[in-house]
Amino acid sequence: MRQSATSVIAAPGLRAAAASGTLRLRRATLQAPWFKPALLALGLTPLALLVWRAFTVQLGPNPEQTLIWTTGLWALRFLLFTLAVTPLRRLTGWAELARFRRMLGLLAFSYAALHFICYLWLTNDFSLGAVAKDVVKHPFVLAGMTALTLMLPLAATSTNRMVKRLGAKRWQALHRLVYVVAVVAVFHFWWFKLAKNNTGEPKLYALLFGLLLAYRVLKAWQSRRAGSARPDQGRRIT
Amino acid sequence: MLIKKPRDIASSEITPREAFRGRRRFLAAAGLGAAAAAAGIATRRAAAIAPDAPHPGGLPALPARKKAELSTLEALTPYKDVTTYNNFYEFGTSKRDPAEYAGRLRTRPWTVVVEGEALKPRSFGIEDLLKLAPMEERIYRHRCVEAWSMVVPWIGYPLSSLLRAVQPTGKAKYVEFVTLLDPAQMPGQSNPVLQWPYREGLRMDEAMHPLTLLTFGLYGEVLPNQDGAPLRMVIPWKYGFKGAKSIVRIRLVEQQPVTSWMRAVPDWYGFYSNVNPHVSPQNWSQATERRIGQGGAFGGLFAPRVPTQMFNGYGDQVARLYAGMDLSKYF
């Protein structure tokens, strides 16, 4: 995630670097047929490690906490990676990056769902009553639940068929919900850490998400200005 | 589901060994194939951890008389967990940090200043304090505000023994505890996550209560640094953070002290911080807790959580201290 931040900051130099010889090789890697499965395998590695640690009794003195914290953190990270795709694609000019966005988003959703299942199972022993009480009483739990709920329609409409069915425009409008998810998820993390007055990590995530959102606002503003000059190109906002 | 257990199981009824044996039988009977076999491996590993030896930490022994009437019979949390899963922000905010970095702390020589509203304020060398009153072993439940708990055989004597030695005046209404301030020995203090030095406090009647333990050891030995050596407070009916560690100053005062946590997050931390399953100012539920080190498959992952008891189960002894107080207001 640090990398994505640097790429945003180092924006002007990046396109030039992307065109240079050293990076051309890496772009070829991105296009290789094995790259996407490899990326998926990489994305599932944190989960595999957790399963391995569970079976070898290496989840530490509080396995429940390890599972819930780790899955939650990876949900947040993959959300960040997902939102980094479009800025990165525009900054580098590498269109093929877009191929990985859906997968990264689904990974974020999967880790968030696991995070919730661990909480439902290990913390609440499947008692929906206990969960409901927790949601009503504690804003940080409500925030987590809201983020997950808002991700549901996004995951459900992630297939090509659903894109066609909804139409690109409506699909895109729906998927702007991901920005709300990001804000609510960071609040969830921040509010949780605030109880131990240990908000360094949430602040870092807030900064990175903030940069990714600021990039979009900037682009939208730029393209609106360009749009008023050249009306035919004004609507191409991702 | 295979893990489902009655929610209202009393913590005293938990017999970990049988629980995980039962689970092994269940898994085998359920014919879960590979998963069951793997769970079996996990269980055997957990069981293979030997019951703690008389001196599990290799630290100097601290002989003590067993105080059975004030001790719980619940299964002890293994020494390894008690000494590697710690909240001690002076050494870092991760649970593993204290075990990793507390080695830098020098606990000899060590002086504790007892001052303020007392007729005979004075400073005590650690050797004097170790001899001030007979050492007792007390097995207490230890409940963290993060909703996990342990069962720890502490060694110490009632704080009242020390306070009586300095003769508190009539103005002594509260006791303040101050931890060592030395970023060279306590690297976590370079992080302004709390205002250093760490401060905690008790009302005078809480401080004089027989359960309130000035603690010098655990598991038959002196305290490991990461658990608050050379001396710390243990107040078993309050959340763990109320027990100041590595204490250098004890002040008898007239006004209620402002503790480090009250200063850091004023809306979420009150002065009393009694264990209370119904009140959760820190924004997560305090209704149940994860008992650390119960054993069981996958390191106890699927062991049921324990319902949290009012005053951590010490209500019979301490509830009268708070008679007539609204505990959702004075949390």
# chains A, B, ... in the order shown; residues from 1 in each chain; ligands from 1
call {"tool": "residues_around", "arguments": {"residues": "segment 202-216 of chain B", "least_positions_apart": "3", "cutoff": "9 Å", "atoms": "only C-alpha atoms", "output": "PyMOL selection string"}}
result
chain B and resi 62+70+130+135+138+154-164+172-177+221-223+228-237+242+252+256-257+271-272+317-318+321
call {"tool": "residues_around", "arguments": {"residues": "Arg102 of chain A", "least_positions_apart": "6", "cutoff": "12 Å", "atoms": "only C-alpha atoms", "output": "list in words"}}
result
Lys36, Leu40, Phe78, Leu79, Phe81, Thr82, Leu83, Val85, Thr86, Ala108, Phe109, Leu154, Ala155, Ala156, Thr157, Ser158, Thr159, Asn160, Val163, His175 and Val178 of chain A
call {"tool": "write_last_selection", "arguments": {"atoms": "all heavy atoms", "output": "short mmCIF file (atom, residue, chain, number, x, y, z; two decimals), in the first residue's frame"}}
result
data_model
loop_
_atom_site.label_atom_id
_atom_site.label_comp_id
_atom_site.auth_asym_id
_atom_site.auth_seq_id
_atom_site.Cartn_x
_atom_site.Cartn_y
_atom_site.Cartn_z
N LYS A 36 -2.52 -13.37 -13.81
CA LYS A 36 -3.73 -13.19 -13.01
C LYS A 36 -3.91 -14.34 -11.99
O LYS A 36 -4.15 -14.07 -10.81
CB LYS A 36 -4.95 -13.07 -13.92
CG LYS A 36 -6.09 -12.35 -13.25
CD LYS A 36 -7.20 -12.06 -14.24
CE LYS A 36 -8.44 -11.61 -13.51
NZ LYS A 36 -9.55 -11.35 -14.44
N LEU A 40 -3.97 -14.00 -7.91
CA LEU A 40 -5.02 -14.57 -7.06
C LEU A 40 -4.40 -15.43 -5.96
O LEU A 40 -4.77 -15.33 -4.79
CB LEU A 40 -5.99 -15.42 -7.90
CG LEU A 40 -7.11 -16.12 -7.10
CD1 LEU A 40 -8.01 -15.11 -6.42
CD2 LEU A 40 -7.91 -17.04 -8.00
N PHE A 78 -6.94 -4.95 0.73
CA PHE A 78 -7.39 -5.25 -0.63
C PHE A 78 -8.34 -4.18 -1.15
O PHE A 78 -8.37 -3.90 -2.35
CB PHE A 78 -8.01 -6.66 -0.71
CG PHE A 78 -6.96 -7.71 -0.85
CD1 PHE A 78 -6.63 -8.54 0.21
CD2 PHE A 78 -6.25 -7.84 -2.04
CE1 PHE A 78 -5.62 -9.49 0.09
CE2 PHE A 78 -5.24 -8.79 -2.17
CZ PHE A 78 -4.92 -9.62 -1.10
N LEU A 79 -9.07 -3.55 -0.25
CA LEU A 79 -9.91 -2.42 -0.66
C LEU A 79 -9.02 -1.29 -1.18
O LEU A 79 -9.31 -0.65 -2.20
CB LEU A 79 -10.73 -1.96 0.55
CG LEU A 79 -11.87 -0.98 0.27
CD1 LEU A 79 -12.87 -1.59 -0.69
CD2 LEU A 79 -12.57 -0.62 1.58
N PHE A 81 -5.95 -1.70 -2.43
CA PHE A 81 -5.37 -2.13 -3.71
C PHE A 81 -6.39 -1.92 -4.83
O PHE A 81 -6.05 -1.46 -5.92
CB PHE A 81 -4.98 -3.62 -3.68
CG PHE A 81 -3.92 -3.95 -2.66
CD1 PHE A 81 -3.83 -5.24 -2.13
CD2 PHE A 81 -3.02 -2.99 -2.23
CE1 PHE A 81 -2.86 -5.55 -1.19
CE2 PHE A 81 -2.03 -3.30 -1.29
CZ PHE A 81 -1.97 -4.58 -0.77
N THR A 82 -7.66 -2.27 -4.55
CA THR A 82 -8.71 -2.13 -5.56
C THR A 82 -8.83 -0.68 -6.01
O THR A 82 -8.91 -0.40 -7.21
CB THR A 82 -10.06 -2.60 -4.97
OG1 THR A 82 -9.87 -3.87 -4.38
CG2 THR A 82 -11.12 -2.69 -6.05
N LEU A 83 -8.85 0.21 -5.03
CA LEU A 83 -9.01 1.62 -5.36
C LEU A 83 -7.75 2.22 -5.97
O LEU A 83 -7.79 3.31 -6.54
CB LEU A 83 -9.41 2.41 -4.11
CG LEU A 83 -10.85 2.17 -3.66
CD1 LEU A 83 -11.12 2.89 -2.34
CD2 LEU A 83 -11.83 2.64 -4.71
N VAL A 85 -6.10 0.76 -8.38
CA VAL A 85 -5.94 0.29 -9.76
C VAL A 85 -6.15 1.41 -10.78
O VAL A 85 -5.29 1.65 -11.63
CB VAL A 85 -6.90 -0.89 -10.04
CG1 VAL A 85 -6.98 -1.18 -11.53
CG2 VAL A 85 -6.44 -2.13 -9.29
N THR A 86 -7.26 2.12 -10.67
CA THR A 86 -7.56 3.14 -11.67
C THR A 86 -6.52 4.27 -11.68
O THR A 86 -6.01 4.62 -12.76
CB THR A 86 -8.99 3.67 -11.49
OG1 THR A 86 -9.87 2.57 -11.70
CG2 THR A 86 -9.32 4.77 -12.48
N ALA A 108 -11.13 -8.29 -1.38
CA ALA A 108 -11.47 -7.41 -0.26
C ALA A 108 -12.78 -7.87 0.38
O ALA A 108 -12.89 -7.99 1.61
CB ALA A 108 -11.60 -5.97 -0.74
N PHE A 109 -13.77 -8.15 -0.48
CA PHE A 109 -15.06 -8.61 0.04
C PHE A 109 -14.91 -9.94 0.79
O PHE A 109 -15.49 -10.14 1.86
CB PHE A 109 -16.06 -8.76 -1.10
CG PHE A 109 -17.35 -9.40 -0.68
CD1 PHE A 109 -18.25 -8.71 0.12
CD2 PHE A 109 -17.64 -10.71 -1.05
CE1 PHE A 109 -19.44 -9.30 0.54
CE2 PHE A 109 -18.82 -11.32 -0.63
CZ PHE A 109 -19.72 -10.62 0.17
N LEU A 154 -22.13 -4.96 -4.47
CA LEU A 154 -20.98 -4.82 -5.38
C LEU A 154 -20.45 -6.19 -5.78
O LEU A 154 -20.16 -6.45 -6.95
CB LEU A 154 -19.88 -3.97 -4.74
CG LEU A 154 -20.29 -2.60 -4.22
CD1 LEU A 154 -19.06 -1.78 -3.87
CD2 LEU A 154 -21.14 -1.85 -5.24
N ALA A 155 -20.33 -7.07 -4.78
CA ALA A 155 -19.86 -8.42 -5.07
C ALA A 155 -20.88 -9.15 -5.94
O ALA A 155 -20.53 -9.84 -6.90
CB ALA A 155 -19.62 -9.18 -3.78
N ALA A 156 -22.16 -8.94 -5.64
CA ALA A 156 -23.22 -9.65 -6.37
C ALA A 156 -23.30 -9.20 -7.83
O ALA A 156 -23.71 -9.97 -8.70
CB ALA A 156 -24.56 -9.43 -5.69
N THR A 157 -22.91 -7.97 -8.11
CA THR A 157 -22.98 -7.48 -9.49
C THR A 157 -21.60 -7.44 -10.14
O THR A 157 -21.36 -6.64 -11.04
CB THR A 157 -23.60 -6.06 -9.54
OG1 THR A 157 -22.80 -5.20 -8.72
CG2 THR A 157 -25.02 -6.05 -9.05
N SER A 158 -20.73 -8.31 -9.70
CA SER A 158 -19.36 -8.25 -10.23
C SER A 158 -19.18 -9.07 -11.50
O SER A 158 -18.15 -8.96 -12.15
CB SER A 158 -18.37 -8.73 -9.16
OG SER A 158 -18.62 -10.07 -8.85
N THR A 159 -20.17 -9.87 -11.87
CA THR A 159 -19.99 -10.72 -13.06
C THR A 159 -20.23 -9.91 -14.33
O THR A 159 -20.93 -8.89 -14.33
CB THR A 159 -20.98 -11.89 -13.05
OG1 THR A 159 -22.32 -11.35 -13.03
CG2 THR A 159 -20.78 -12.77 -11.83
N ASN A 160 -19.69 -10.40 -15.46
CA ASN A 160 -19.90 -9.74 -16.76
C ASN A 160 -21.38 -9.65 -17.07
O ASN A 160 -21.85 -8.67 -17.63
CB ASN A 160 -19.18 -10.53 -17.86
CG ASN A 160 -17.68 -10.37 -17.75
OD1 ASN A 160 -17.20 -9.40 -17.16
ND2 ASN A 160 -16.94 -11.32 -18.29
N VAL A 163 -22.98 -6.83 -15.35
CA VAL A 163 -22.61 -5.55 -15.95
C VAL A 163 -23.51 -5.28 -17.15
O VAL A 163 -24.05 -4.18 -17.33
CB VAL A 163 -21.12 -5.53 -16.38
CG1 VAL A 163 -20.76 -4.18 -16.98
CG2 VAL A 163 -20.22 -5.85 -15.20
N HIS A 175 -21.37 1.05 -8.44
CA HIS A 175 -20.07 0.69 -7.89
C HIS A 175 -19.29 1.86 -7.30
O HIS A 175 -18.25 1.67 -6.69
CB HIS A 175 -19.25 -0.09 -8.93
CG HIS A 175 -19.66 -1.53 -8.97
ND1 HIS A 175 -18.86 -2.56 -8.55
CD2 HIS A 175 -20.84 -2.10 -9.31
CE1 HIS A 175 -19.52 -3.70 -8.66
NE2 HIS A 175 -20.73 -3.45 -9.13
N VAL A 178 -18.27 1.98 -3.54
CA VAL A 178 -17.00 1.54 -2.96
C VAL A 178 -16.32 2.70 -2.21
O VAL A 178 -15.62 2.46 -1.22
CB VAL A 178 -16.08 0.94 -4.05
CG1 VAL A 178 -15.51 2.03 -4.95
CG2 VAL A 178 -14.96 0.13 -3.40
#
call {"tool": "interface_residues", "arguments": {"of": "chain A", "to": "chain B", "cutoff": "8 Å", "atoms": "only C-alpha atoms", "output": "list in words"}}
result
Ala54, Phe55, Thr56, Val57, Gln58, Leu59, Gly60, Pro61, Asn62, Pro63, Glu64, Leu122, Thr123, Asp125, Asp134, Lys137, His138, Pro139, Phe140, Val141, Phe192, Leu194, Ala195, Asn197 and Asn198 of chain A
call {"tool": "residues_around", "arguments": {"residues": "Thr169 of chain B", "least_positions_apart": "2", "cutoff": "7 Å", "atoms": "only C-alpha atoms", "output": "ChimeraX atom specification"}}
result
/B:117-119,167,171-172
call {"tool": "write_last_selection", "arguments": {"atoms": "all heavy atoms", "output": "PDB file, in the first residue's frame"}}
result
ATOM      1  N   GLU B 117      -0.223  12.478  51.633  1.00  0.00           N
ATOM      2  CA  GLU B 117      -0.960  12.601  52.876  1.00  0.00           C
ATOM      3  C   GLU B 117      -0.662  11.437  53.816  1.00  0.00           C
ATOM      4  O   GLU B 117      -1.484  10.538  53.989  1.00  0.00           O
ATOM      5  CB  GLU B 117      -2.451  12.709  52.587  1.00  0.00           C
ATOM      6  CG  GLU B 117      -2.858  13.958  51.822  1.00  0.00           C
ATOM      7  CD  GLU B 117      -2.601  15.242  52.606  1.00  0.00           C
ATOM      8  OE1 GLU B 117      -2.469  15.165  53.854  1.00  0.00           O
ATOM      9  OE2 GLU B 117      -2.515  16.307  51.983  1.00  0.00           O
ATOM     10  N   ALA B 118       0.544  11.453  54.399  1.00  0.00           N
ATOM     11  CA  ALA B 118       0.947  10.389  55.307  1.00  0.00           C
ATOM     12  C   ALA B 118       1.770  10.997  56.439  1.00  0.00           C
ATOM     13  O   ALA B 118       2.498  11.961  56.227  1.00  0.00           O
ATOM     14  CB  ALA B 118       1.767   9.335  54.562  1.00  0.00           C
ATOM     15  N   LEU B 119       1.642  10.394  57.617  1.00  0.00           N
ATOM     16  CA  LEU B 119       2.413  10.901  58.749  1.00  0.00           C
ATOM     17  C   LEU B 119       3.878  10.510  58.624  1.00  0.00           C
ATOM     18  O   LEU B 119       4.762  11.212  59.091  1.00  0.00           O
ATOM     19  CB  LEU B 119       1.832  10.358  60.060  1.00  0.00           C
ATOM     20  CG  LEU B 119       0.413  10.846  60.395  1.00  0.00           C
ATOM     21  CD1 LEU B 119      -0.112  10.160  61.660  1.00  0.00           C
ATOM     22  CD2 LEU B 119       0.385  12.377  60.570  1.00  0.00           C
ATOM     23  N   GLN B 167       1.284   5.396  57.566  1.00  0.00           N
ATOM     24  CA  GLN B 167       0.243   6.089  58.339  1.00  0.00           C
ATOM     25  C   GLN B 167      -0.459   7.204  57.564  1.00  0.00           C
ATOM     26  O   GLN B 167      -0.149   8.401  57.761  1.00  0.00           O
ATOM     27  CB  GLN B 167       0.838   6.620  59.652  1.00  0.00           C
ATOM     28  CG  GLN B 167       1.398   5.504  60.514  1.00  0.00           C
ATOM     29  CD  GLN B 167       1.906   5.992  61.852  1.00  0.00           C
ATOM     30  OE1 GLN B 167       1.608   7.093  62.299  1.00  0.00           O
ATOM     31  NE2 GLN B 167       2.680   5.153  62.516  1.00  0.00           N
ATOM     32  N   LYS B 171      -6.720  13.148  55.368  1.00  0.00           N
ATOM     33  CA  LYS B 171      -6.937  13.751  54.057  1.00  0.00           C
ATOM     34  C   LYS B 171      -6.649  12.776  52.908  1.00  0.00           C
ATOM     35  O   LYS B 171      -6.868  13.114  51.743  1.00  0.00           O
ATOM     36  CB  LYS B 171      -6.016  14.966  53.901  1.00  0.00           C
ATOM     37  CG  LYS B 171      -6.514  16.216  54.582  1.00  0.00           C
ATOM     38  CD  LYS B 171      -5.545  17.303  54.198  1.00  0.00           C
ATOM     39  CE  LYS B 171      -5.935  18.649  54.727  1.00  0.00           C
ATOM     40  NZ  LYS B 171      -4.850  19.612  54.434  1.00  0.00           N
ATOM     41  N   ALA B 172      -6.095  11.625  53.224  1.00  0.00           N
ATOM     42  CA  ALA B 172      -5.750  10.665  52.170  1.00  0.00           C
ATOM     43  C   ALA B 172      -7.027   9.979  51.681  1.00  0.00           C
ATOM     44  O   ALA B 172      -7.503   9.032  52.292  1.00  0.00           O
ATOM     45  CB  ALA B 172      -4.747   9.644  52.696  1.00  0.00           C
TER      46      ALA B 172
END
call {"tool": "residues_around", "arguments": {"residues": "Gly116 of chain B", "least_positions_apart": "4", "cutoff": "7 Å", "atoms": "only C-alpha atoms", "output": "PDB file with C-alpha atoms, in the first residue's frame"}}
result
ATOM      1  CA  PRO B 121       6.194   9.267  54.186  1.00  0.00           C
ATOM      2  CA  ARG B 251       1.067   9.037  46.399  1.00  0.00           C
ATOM      3  CA  LEU B 252      -1.654   9.471  48.982  1.00  0.00           C
ATOM      4  CA  VAL B 253      -3.816  12.347  47.790  1.00  0.00           C
TER       5      VAL B 253
END
call {"tool": "residues_around", "arguments": {"residues": "Phe187 of chain A", "least_positions_apart": "6", "cutoff": "12 Å", "atoms": "only C-alpha atoms", "output": "ChimeraX atom specification"}}
result
/A:76,139-147,180-181,193-194,199,201-203,205-206,209
call {"tool": "atom_distance", "arguments": {"atom1": "atom CA of Pro153 of chain A", "atom2": "atom CA of Leu174 of chain A"}}
result
8.3 Å
